[in-house]
Amino acid sequence: MQDNSQTDATIWIAGGNGFVGHEIAYKLKALNQRVVLLSRSKSLHTDFNIAQTDYSVEDLDTKFNAGDIVINLIGILNERGFQGKGFNKAHVETTRSLCQAATNTGAKRYLQMSALHASARGPSYYLASKAQAEKIVEESGLDFTIFRPSVIFGALDSFTNRFAQLIKLSPFVFPLACPRSRFQPIHVGDVAECFVQSISNPETINQGYDLCGPDVFTLHEIVQLIAKTMGKRRKIIPLGNGLSKLQARALQFAPGKPFTMDNYKSLQIDSICTHKSELPFDLTNTRLTDAIKEYLG
């Protein structure tokens, strides 16, 4: 199905310094592909070249070449302000620049990380801006593939590990907002495989894929699983709608913005795959209950 032999193309990964980006980059390196990570900051990496960029079309035009492959993984869960400008800059404007530069230079393929149930009418700036970015990709004229995962887990994730840290800091009780929100977590290795395999699979051109793991959990069940795996006894107190909003309004002003109103609004839509479809990828379908023992146990 896929031909993963080495090519002369450069694979550019925007957001390659992140959790998913590293997984994709190392899988591509194992296939002897030429990988460059794009970054706003000037930094070094032991295994990959890093190209500093401001993500302007003018700068990207000097980097991309005909036949190259562009992967856009850039995404934020929170912004500095509260009006959606941060989400627009990260998700919409950066996508527009990457697509334009890829078009200008004759890039061969363009792969986009979106979000499950992204919608222009979504309740949060996060979901709405992800949908705006999808539209830019779809109208670009590029040979694109869009991926919409549920929450992604793995040893370096910012989801299970954040809850693990919060559980450590909570001595006896753990008040949990939006406890009935549902997720279908997918392992980072499976997400990375979808990106890598799609590069050389023509069946995936101009397609979008919802990505979910094999099991559905409520947020309450996930936090219980994390605490049990860590061997921490905590009384998890499910918060109702009003208290969940109150917690979001308070924590969005805390350092690091651990929980915001935009997060709260995103959680009003279950992050599960509502339509079962066969994916054209070979995946392990790693279960959260199995993998979490390896890095939190």
# chains A, B, ... in the order shown; residues from 1 in each chain; ligands from 1
$ residues_around --residues "Thr62 of chain A" --least-positions-apart "3" --cutoff "10 Å" --atoms "only C-alpha atoms" --output "list in words"
Val57, Glu58, Asp59, Asn65, Ala101 and Thr105 of chain A
$ closest_atom_pairs --of "segment 132-205 of chain A" --to "segment 243-254 of chain A" --cutoff "12 Å" --atoms "only C-alpha atoms" --output "Markdown table"
| residue | atom | partner | partner_atom | distance |
| --- | --- | --- | --- | --- |
| A:Pro175 | CA | A:Ser244 | CA | 9.1 |
| A:Leu176 | CA | A:Ser244 | CA | 7.6 |
| A:Ala177 | CA | A:Ser244 | CA | 4.5 |
| A:Cys178 | CA | A:Ser244 | CA | 6.1 |
| A:Pro179 | CA | A:Ser244 | CA | 9.0 |
| A:Arg180 | CA | A:Ser244 | CA | 11.3 |
| A:Ser181 | CA | A:Ser244 | CA | 11.6 |
$ residues_around --residues "Ala192 of chain A" --least-positions-apart "3" --cutoff "6 Å" --atoms "only C-alpha atoms" --output "list in words"
Ile24, Gly189 and Phe195 of chain A
$ select_by_dssp --residues "segment 157-218 of chain A" --states "helix (DSSP H, G or I)" --output "PyMOL selection string"
chain A and resi 160-169+188-199+202-204
$ write_last_selection --atoms "C-alpha atoms" --output "compact mmCIF listing (two decimals), in the first residue's frame"
# COMPACT_ATOMS: atom_id res chain seq x y z
CA THR A 160 -2.46 12.41 31.29
CA ASN A 161 0.76 13.89 32.66
CA ARG A 162 -0.94 17.15 33.61
CA PHE A 163 -3.63 15.31 35.53
CA ALA A 164 -0.94 13.15 37.15
CA GLN A 165 0.83 16.30 38.36
CA LEU A 166 -2.42 17.80 39.66
CA ILE A 167 -3.21 14.56 41.50
CA LYS A 168 0.20 14.70 43.18
CA LEU A 169 -0.51 18.26 44.33
CA VAL A 188 0.82 9.13 19.83
CA GLY A 189 2.47 6.27 17.96
CA ASP A 190 -0.73 5.56 16.05
CA VAL A 191 -1.24 9.23 15.19
CA ALA A 192 2.35 9.45 13.95
CA GLU A 193 1.89 6.33 11.83
CA CYS A 194 -1.12 7.91 10.12
CA PHE A 195 0.98 10.92 9.12
CA VAL A 196 3.98 8.87 8.00
CA GLN A 197 2.00 6.29 6.02
CA SER A 198 -0.16 8.90 4.32
CA ILE A 199 2.84 10.62 2.72
CA PRO A 202 -2.18 8.26 -2.87
CA GLU A 203 -5.46 7.00 -1.41
CA THR A 204 -5.16 9.63 1.32
$ closest_residue --among "A:Thr145, A:Ser266, A:Thr10, A:Asn17" --to "Val36 of chain A" --atoms "only C-alpha atoms"
A:Thr10
$ residues_around --residues "Asp61 of chain A" --least-positions-apart "5" --cutoff "10 Å" --atoms "only C-alpha atoms" --output "PDB file with N, CA and C atoms, in the first residue's frame"
ATOM      1  N   TYR A  55       7.305  32.287  10.159  1.00  0.00           N
ATOM      2  CA  TYR A  55       6.124  31.746   9.497  1.00  0.00           C
ATOM      3  C   TYR A  55       5.466  32.746   8.549  1.00  0.00           C
ATOM      4  N   SER A  56       6.235  33.698   8.046  1.00  0.00           N
ATOM      5  CA  SER A  56       5.724  34.564   6.980  1.00  0.00           C
ATOM      6  C   SER A  56       5.893  33.827   5.656  1.00  0.00           C
ATOM      7  N   SER A  97      -0.181  30.854   5.798  1.00  0.00           N
ATOM      8  CA  SER A  97       1.183  31.101   5.323  1.00  0.00           C
ATOM      9  C   SER A  97       1.836  29.825   4.802  1.00  0.00           C
ATOM     10  N   LEU A  98       1.675  28.738   5.546  1.00  0.00           N
ATOM     11  CA  LEU A  98       2.286  27.469   5.136  1.00  0.00           C
ATOM     12  C   LEU A  98       1.699  26.983   3.812  1.00  0.00           C
ATOM     13  N   GLN A 100       0.239  28.818   1.464  1.00  0.00           N
ATOM     14  CA  GLN A 100       0.625  29.716   0.384  1.00  0.00           C
ATOM     15  C   GLN A 100       2.055  29.455  -0.067  1.00  0.00           C
ATOM     16  N   ALA A 101       2.957  29.282   0.909  1.00  0.00           N
ATOM     17  CA  ALA A 101       4.350  29.019   0.565  1.00  0.00           C
ATOM     18  C   ALA A 101       4.498  27.657  -0.102  1.00  0.00           C
ATOM     19  N   ALA A 102       3.753  26.673   0.368  1.00  0.00           N
ATOM     20  CA  ALA A 102       3.807  25.348  -0.252  1.00  0.00           C
ATOM     21  C   ALA A 102       3.320  25.413  -1.701  1.00  0.00           C
ATOM     22  N   THR A 103       2.291  26.226  -1.948  1.00  0.00           N
ATOM     23  CA  THR A 103       1.784  26.413  -3.309  1.00  0.00           C
ATOM     24  C   THR A 103       2.804  27.154  -4.176  1.00  0.00           C
ATOM     25  N   ASN A 104       3.370  28.216  -3.627  1.00  0.00           N
ATOM     26  CA  ASN A 104       4.337  29.030  -4.382  1.00  0.00           C
ATOM     27  C   ASN A 104       5.544  28.218  -4.838  1.00  0.00           C
ATOM     28  N   THR A 105       5.993  27.293  -3.986  1.00  0.00           N
ATOM     29  CA  THR A 105       7.237  26.561  -4.248  1.00  0.00           C
ATOM     30  C   THR A 105       7.020  25.194  -4.884  1.00  0.00           C
TER      31      THR A 105
END
$ atom_distance --atom1 "atom CA of Phe183 of chain A" --atom2 "atom CA of Phe259 of chain A"
16.9 Å
$ closest_residue --among "A:Arg96, A:Leu127, A:Asp262, A:His275" --to "Glu139 of chain A" --atoms "only C-alpha atoms"
A:Arg96
$ closest_atom_pairs --of "segment 64-103 of chain A" --to "segment 107-119 of chain A" --cutoff "8 Å" --atoms "only C-alpha atoms" --output "tab-separated table"
residue	atom	partner	partner_atom	distance
A:Phe64	CA	A:Ala107	CA	7.2
A:Asn65	CA	A:Ala107	CA	6.4
A:Ala66	CA	A:Ala107	CA	5.0
A:Gly67	CA	A:Lys108	CA	4.4
A:Asp68	CA	A:Ala107	CA	4.7
A:Ile69	CA	A:Arg109	CA	4.8
A:Val70	CA	A:Tyr110	CA	4.9
A:Ile71	CA	A:Leu111	CA	4.7
A:Asn72	CA	A:Gln112	CA	5.0
A:Leu73	CA	A:Met113	CA	5.1
A:Ile74	CA	A:Met113	CA	7.5
A:Cys99	CA	A:Tyr110	CA	7.8
A:Ala102	CA	A:Ala107	CA	4.9
A:Thr103	CA	A:Ala107	CA	6.3
$ write_last_selection --atoms "C-alpha atoms" --output "PDB file, in the first residue's frame"
ATOM      1  CA  PHE A  64      10.583  25.116   0.681  1.00  0.00           C
ATOM      2  CA  ASN A  65      11.459  23.571  -2.670  1.00  0.00           C
ATOM      3  CA  ALA A  66       9.509  21.804  -5.392  1.00  0.00           C
ATOM      4  CA  GLY A  67       8.601  18.285  -4.364  1.00  0.00           C
ATOM      5  CA  ASP A  68       8.978  18.941  -0.618  1.00  0.00           C
ATOM      6  CA  ILE A  69       6.460  17.763   1.969  1.00  0.00           C
ATOM      7  CA  VAL A  70       4.987  20.102   4.577  1.00  0.00           C
ATOM      8  CA  ILE A  71       3.472  18.874   7.845  1.00  0.00           C
ATOM      9  CA  ASN A  72       1.632  21.380  10.036  1.00  0.00           C
ATOM     10  CA  LEU A  73       1.229  20.278  13.662  1.00  0.00           C
ATOM     11  CA  ILE A  74       0.996  23.725  15.220  1.00  0.00           C
ATOM     12  CA  CYS A  99      -0.253  26.636   2.423  1.00  0.00           C
ATOM     13  CA  ALA A 102       3.807  25.348  -0.252  1.00  0.00           C
ATOM     14  CA  THR A 103       1.784  26.413  -3.309  1.00  0.00           C
TER      15      THR A 103
END
$ residues_around --residues "Phe153 of chain A" --least-positions-apart "2" --cutoff "9 Å" --atoms "only C-alpha atoms" --output "PDB file with N, CA and C atoms, in the first residue's frame"
ATOM      1  N   VAL A 151      -8.189  13.157  21.965  1.00  0.00           N
ATOM      2  CA  VAL A 151      -7.037  13.472  22.798  1.00  0.00           C
ATOM      3  C   VAL A 151      -5.930  12.439  22.564  1.00  0.00           C
ATOM      4  N   ALA A 155       3.907   8.925  26.648  1.00  0.00           N
ATOM      5  CA  ALA A 155       4.790   9.203  27.775  1.00  0.00           C
ATOM      6  C   ALA A 155       5.062  10.686  27.987  1.00  0.00           C
ATOM      7  N   LEU A 156       5.048  11.484  26.938  1.00  0.00           N
ATOM      8  CA  LEU A 156       5.374  12.906  27.062  1.00  0.00           C
ATOM      9  C   LEU A 156       4.165  13.805  26.816  1.00  0.00           C
ATOM     10  N   ASP A 157       2.960  13.258  26.918  1.00  0.00           N
ATOM     11  CA  ASP A 157       1.784  14.073  26.594  1.00  0.00           C
ATOM     12  C   ASP A 157       1.531  15.143  27.649  1.00  0.00           C
ATOM     13  N   SER A 158       0.680  16.095  27.294  1.00  0.00           N
ATOM     14  CA  SER A 158       0.312  17.160  28.227  1.00  0.00           C
ATOM     15  C   SER A 158      -1.095  16.938  28.774  1.00  0.00           C
ATOM     16  N   PHE A 159      -1.634  15.747  28.571  1.00  0.00           N
ATOM     17  CA  PHE A 159      -2.984  15.420  29.038  1.00  0.00           C
ATOM     18  C   PHE A 159      -2.917  14.540  30.283  1.00  0.00           C
ATOM     19  N   THR A 160      -2.527  13.296  30.122  1.00  0.00           N
ATOM     20  CA  THR A 160      -2.459  12.413  31.295  1.00  0.00           C
ATOM     21  C   THR A 160      -1.395  12.888  32.277  1.00  0.00           C
ATOM     22  N   ASN A 161      -0.301  13.428  31.771  1.00  0.00           N
ATOM     23  CA  ASN A 161       0.762  13.889  32.663  1.00  0.00           C
ATOM     24  C   ASN A 161       0.348  15.125  33.465  1.00  0.00           C
ATOM     25  N   PRO A 185      -9.323   8.274  23.540  1.00  0.00           N
ATOM     26  CA  PRO A 185      -7.891   8.599  23.426  1.00  0.00           C
ATOM     27  C   PRO A 185      -7.165   7.703  22.429  1.00  0.00           C
ATOM     28  N   ILE A 186      -6.249   8.322  21.694  1.00  0.00           N
ATOM     29  CA  ILE A 186      -5.450   7.592  20.709  1.00  0.00           C
ATOM     30  C   ILE A 186      -3.975   7.772  21.029  1.00  0.00           C
ATOM     31  N   HIS A 187      -3.205   6.717  20.875  1.00  0.00           N
ATOM     32  CA  HIS A 187      -1.785   6.743  21.229  1.00  0.00           C
ATOM     33  C   HIS A 187      -0.999   7.555  20.204  1.00  0.00           C
ATOM     34  N   VAL A 188       0.007   8.272  20.701  1.00  0.00           N
ATOM     35  CA  VAL A 188       0.820   9.127  19.834  1.00  0.00           C
ATOM     36  C   VAL A 188       1.480   8.338  18.711  1.00  0.00           C
ATOM     37  N   LEU A 288      -5.192   2.927  26.133  1.00  0.00           N
ATOM     38  CA  LEU A 288      -4.756   3.797  27.217  1.00  0.00           C
ATOM     39  C   LEU A 288      -4.465   2.989  28.479  1.00  0.00           C
ATOM     40  N   ALA A 291      -0.936   1.326  27.946  1.00  0.00           N
ATOM     41  CA  ALA A 291       0.223   2.207  27.784  1.00  0.00           C
ATOM     42  C   ALA A 291       0.530   3.036  29.016  1.00  0.00           C
ATOM     43  N   ILE A 292      -0.521   3.449  29.727  1.00  0.00           N
ATOM     44  CA  ILE A 292      -0.322   4.358  30.857  1.00  0.00           C
ATOM     45  C   ILE A 292       0.496   3.720  31.972  1.00  0.00           C
TER      46      ILE A 292
END
$ select_by_dssp --residues "segment 163-286 of chain A" --states "strand (DSSP E)" --output "PyMOL selection string"
chain A and resi 173-176+182-183+186-187+207-211+217-218+235-238
$ write_last_selection --atoms "N, CA and C atoms" --output "PDB file, in the first residue's frame"
ATOM      1  N   VAL A 173      -8.514  15.351  48.199  1.00  0.00           N
ATOM      2  CA  VAL A 173      -9.647  15.391  47.275  1.00  0.00           C
ATOM      3  C   VAL A 173      -9.215  16.042  45.962  1.00  0.00           C
ATOM      4  N   PHE A 174      -9.943  15.713  44.903  1.00  0.00           N
ATOM      5  CA  PHE A 174      -9.626  16.249  43.576  1.00  0.00           C
ATOM      6  C   PHE A 174     -10.926  16.704  42.925  1.00  0.00           C
ATOM      7  N   PRO A 175     -11.203  18.014  42.939  1.00  0.00           N
ATOM      8  CA  PRO A 175     -12.422  18.515  42.286  1.00  0.00           C
ATOM      9  C   PRO A 175     -12.252  18.511  40.770  1.00  0.00           C
ATOM     10  N   LEU A 176     -13.150  17.838  40.068  1.00  0.00           N
ATOM     11  CA  LEU A 176     -12.994  17.642  38.622  1.00  0.00           C
ATOM     12  C   LEU A 176     -14.122  18.284  37.847  1.00  0.00           C
ATOM     13  N   ARG A 182     -16.722  13.012  27.360  1.00  0.00           N
ATOM     14  CA  ARG A 182     -16.193  11.721  26.889  1.00  0.00           C
ATOM     15  C   ARG A 182     -15.077  11.906  25.869  1.00  0.00           C
ATOM     16  N   PHE A 183     -14.123  10.976  25.945  1.00  0.00           N
ATOM     17  CA  PHE A 183     -12.961  10.982  25.053  1.00  0.00           C
ATOM     18  C   PHE A 183     -12.742   9.577  24.498  1.00  0.00           C
ATOM     19  N   ILE A 186      -6.249   8.322  21.694  1.00  0.00           N
ATOM     20  CA  ILE A 186      -5.450   7.592  20.709  1.00  0.00           C
ATOM     21  C   ILE A 186      -3.975   7.772  21.029  1.00  0.00           C
ATOM     22  N   HIS A 187      -3.205   6.717  20.875  1.00  0.00           N
ATOM     23  CA  HIS A 187      -1.785   6.743  21.229  1.00  0.00           C
ATOM     24  C   HIS A 187      -0.999   7.555  20.204  1.00  0.00           C
ATOM     25  N   GLN A 207      -8.106  13.928   1.494  1.00  0.00           N
ATOM     26  CA  GLN A 207      -8.997  13.243   2.423  1.00  0.00           C
ATOM     27  C   GLN A 207      -8.796  13.776   3.835  1.00  0.00           C
ATOM     28  N   GLY A 208      -9.820  13.610   4.666  1.00  0.00           N
ATOM     29  CA  GLY A 208      -9.727  13.940   6.083  1.00  0.00           C
ATOM     30  C   GLY A 208     -10.105  12.726   6.906  1.00  0.00           C
ATOM     31  N   TYR A 209      -9.418  12.510   8.006  1.00  0.00           N
ATOM     32  CA  TYR A 209      -9.639  11.317   8.820  1.00  0.00           C
ATOM     33  C   TYR A 209      -9.820  11.677  10.294  1.00  0.00           C
ATOM     34  N   ASP A 210     -10.910  11.176  10.886  1.00  0.00           N
ATOM     35  CA  ASP A 210     -11.087  11.259  12.331  1.00  0.00           C
ATOM     36  C   ASP A 210     -10.284  10.120  12.958  1.00  0.00           C
ATOM     37  N   LEU A 211      -9.493  10.442  13.979  1.00  0.00           N
ATOM     38  CA  LEU A 211      -8.620   9.449  14.591  1.00  0.00           C
ATOM     39  C   LEU A 211      -9.015   9.226  16.051  1.00  0.00           C
ATOM     40  N   PHE A 217     -13.841   6.759  27.202  1.00  0.00           N
ATOM     41  CA  PHE A 217     -13.822   7.013  28.638  1.00  0.00           C
ATOM     42  C   PHE A 217     -14.490   8.353  28.928  1.00  0.00           C
ATOM     43  N   THR A 218     -15.092   8.471  30.108  1.00  0.00           N
ATOM     44  CA  THR A 218     -15.435   9.800  30.595  1.00  0.00           C
ATOM     45  C   THR A 218     -14.169  10.388  31.201  1.00  0.00           C
ATOM     46  N   LYS A 235     -10.033  11.225  46.552  1.00  0.00           N
ATOM     47  CA  LYS A 235     -11.481  11.266  46.380  1.00  0.00           C
ATOM     48  C   LYS A 235     -11.779  12.269  45.276  1.00  0.00           C
ATOM     49  N   ILE A 236     -12.206  11.775  44.132  1.00  0.00           N
ATOM     50  CA  ILE A 236     -12.501  12.640  42.993  1.00  0.00           C
ATOM     51  C   ILE A 236     -13.926  13.151  43.126  1.00  0.00           C
ATOM     52  N   ILE A 237     -14.055  14.468  43.192  1.00  0.00           N
ATOM     53  CA  ILE A 237     -15.365  15.092  43.375  1.00  0.00           C
ATOM     54  C   ILE A 237     -15.837  15.663  42.045  1.00  0.00           C
ATOM     55  N   PRO A 238     -16.827  15.029  41.406  1.00  0.00           N
ATOM     56  CA  PRO A 238     -17.333  15.553  40.129  1.00  0.00           C
ATOM     57  C   PRO A 238     -18.063  16.881  40.346  1.00  0.00           C
TER      58      PRO A 238
END
$ atom_distance --atom1 "atom CA of Gly141 of chain A" --atom2 "atom CA of Leu60 of chain A"
17.8 Å
$ closest_residue --among "A:Asp270, A:Asp54, A:Gln184, A:Met230" --to "Ile152 of chain A" --atoms "only C-alpha atoms"
A:Gln184
$ atom_distance --atom1 "atom CA of Ala120 of chain A" --atom2 "atom CA of Lys257 of chain A"
24.2 Å
$ decode --residues "segment 235-257 of chain A" --atoms "N, CA and C atoms" --output "PDB file, in the first residue's frame"
ATOM      1  N   LYS A 235     -10.033  11.225  46.552  1.00  0.00           N
ATOM      2  CA  LYS A 235     -11.481  11.266  46.380  1.00  0.00           C
ATOM      3  C   LYS A 235     -11.779  12.269  45.276  1.00  0.00           C
ATOM      4  N   ILE A 236     -12.206  11.775  44.132  1.00  0.00           N
ATOM      5  CA  ILE A 236     -12.501  12.640  42.993  1.00  0.00           C
ATOM      6  C   ILE A 236     -13.926  13.151  43.126  1.00  0.00           C
ATOM      7  N   ILE A 237     -14.055  14.468  43.192  1.00  0.00           N
ATOM      8  CA  ILE A 237     -15.365  15.092  43.375  1.00  0.00           C
ATOM      9  C   ILE A 237     -15.837  15.663  42.045  1.00  0.00           C
ATOM     10  N   PRO A 238     -16.827  15.029  41.406  1.00  0.00           N
ATOM     11  CA  PRO A 238     -17.333  15.553  40.129  1.00  0.00           C
ATOM     12  C   PRO A 238     -18.063  16.881  40.346  1.00  0.00           C
ATOM     13  N   LEU A 239     -17.695  17.882  39.578  1.00  0.00           N
ATOM     14  CA  LEU A 239     -18.331  19.184  39.677  1.00  0.00           C
ATOM     15  C   LEU A 239     -19.461  19.299  38.664  1.00  0.00           C
ATOM     16  N   GLY A 240     -20.544  19.914  39.081  1.00  0.00           N
ATOM     17  CA  GLY A 240     -21.643  20.182  38.170  1.00  0.00           C
ATOM     18  C   GLY A 240     -21.291  21.298  37.204  1.00  0.00           C
ATOM     19  N   ASN A 241     -22.251  21.634  36.359  1.00  0.00           N
ATOM     20  CA  ASN A 241     -21.994  22.619  35.321  1.00  0.00           C
ATOM     21  C   ASN A 241     -21.596  23.976  35.890  1.00  0.00           C
ATOM     22  N   GLY A 242     -22.324  24.443  36.888  1.00  0.00           N
ATOM     23  CA  GLY A 242     -22.042  25.754  37.458  1.00  0.00           C
ATOM     24  C   GLY A 242     -20.671  25.839  38.092  1.00  0.00           C
ATOM     25  N   LEU A 243     -20.311  24.827  38.887  1.00  0.00           N
ATOM     26  CA  LEU A 243     -19.004  24.822  39.537  1.00  0.00           C
ATOM     27  C   LEU A 243     -17.879  24.601  38.527  1.00  0.00           C
ATOM     28  N   SER A 244     -18.154  23.861  37.458  1.00  0.00           N
ATOM     29  CA  SER A 244     -17.149  23.661  36.409  1.00  0.00           C
ATOM     30  C   SER A 244     -16.820  24.995  35.746  1.00  0.00           C
ATOM     31  N   LYS A 245     -17.857  25.796  35.457  1.00  0.00           N
ATOM     32  CA  LYS A 245     -17.635  27.126  34.890  1.00  0.00           C
ATOM     33  C   LYS A 245     -16.846  28.009  35.850  1.00  0.00           C
ATOM     34  N   LEU A 246     -17.212  27.930  37.118  1.00  0.00           N
ATOM     35  CA  LEU A 246     -16.535  28.740  38.125  1.00  0.00           C
ATOM     36  C   LEU A 246     -15.056  28.377  38.210  1.00  0.00           C
ATOM     37  N   GLN A 247     -14.775  27.081  38.165  1.00  0.00           N
ATOM     38  CA  GLN A 247     -13.380  26.642  38.209  1.00  0.00           C
ATOM     39  C   GLN A 247     -12.617  27.150  36.986  1.00  0.00           C
ATOM     40  N   ALA A 248     -13.249  27.083  35.823  1.00  0.00           N
ATOM     41  CA  ALA A 248     -12.598  27.562  34.593  1.00  0.00           C
ATOM     42  C   ALA A 248     -12.318  29.057  34.669  1.00  0.00           C
ATOM     43  N   ARG A 249     -13.283  29.830  35.155  1.00  0.00           N
ATOM     44  CA  ARG A 249     -13.102  31.278  35.251  1.00  0.00           C
ATOM     45  C   ARG A 249     -11.970  31.640  36.206  1.00  0.00           C
ATOM     46  N   ALA A 250     -11.794  30.826  37.243  1.00  0.00           N
ATOM     47  CA  ALA A 250     -10.732  31.099  38.212  1.00  0.00           C
ATOM     48  C   ALA A 250      -9.373  30.644  37.692  1.00  0.00           C
ATOM     49  N   LEU A 251      -9.307  29.428  37.163  1.00  0.00           N
ATOM     50  CA  LEU A 251      -8.017  28.859  36.771  1.00  0.00           C
ATOM     51  C   LEU A 251      -7.448  29.474  35.501  1.00  0.00           C
ATOM     52  N   GLN A 252      -8.280  30.145  34.703  1.00  0.00           N
ATOM     53  CA  GLN A 252      -7.738  30.757  33.485  1.00  0.00           C
ATOM     54  C   GLN A 252      -6.829  31.953  33.800  1.00  0.00           C
ATOM     55  N   PHE A 253      -6.862  32.388  35.055  1.00  0.00           N
ATOM     56  CA  PHE A 253      -5.965  33.465  35.475  1.00  0.00           C
ATOM     57  C   PHE A 253      -4.767  32.926  36.268  1.00  0.00           C
ATOM     58  N   ALA A 254      -4.725  31.608  36.479  1.00  0.00           N
ATOM     59  CA  ALA A 254      -3.604  31.000  37.198  1.00  0.00           C
ATOM     60  C   ALA A 254      -2.416  30.843  36.258  1.00  0.00           C
ATOM     61  N   PRO A 255      -1.190  30.778  36.796  1.00  0.00           N
ATOM     62  CA  PRO A 255      -0.003  30.588  35.951  1.00  0.00           C
ATOM     63  C   PRO A 255      -0.126  29.323  35.093  1.00  0.00           C
ATOM     64  N   GLY A 256       0.155  29.472  33.808  1.00  0.00           N
ATOM     65  CA  GLY A 256       0.064  28.329  32.909  1.00  0.00           C
ATOM     66  C   GLY A 256      -1.336  28.045  32.401  1.00  0.00           C
ATOM     67  N   LYS A 257      -2.338  28.785  32.898  1.00  0.00           N
ATOM     68  CA  LYS A 257      -3.730  28.580  32.481  1.00  0.00           C
ATOM     69  C   LYS A 257      -4.101  27.096  32.428  1.00  0.00           C
TER      70      LYS A 257
END
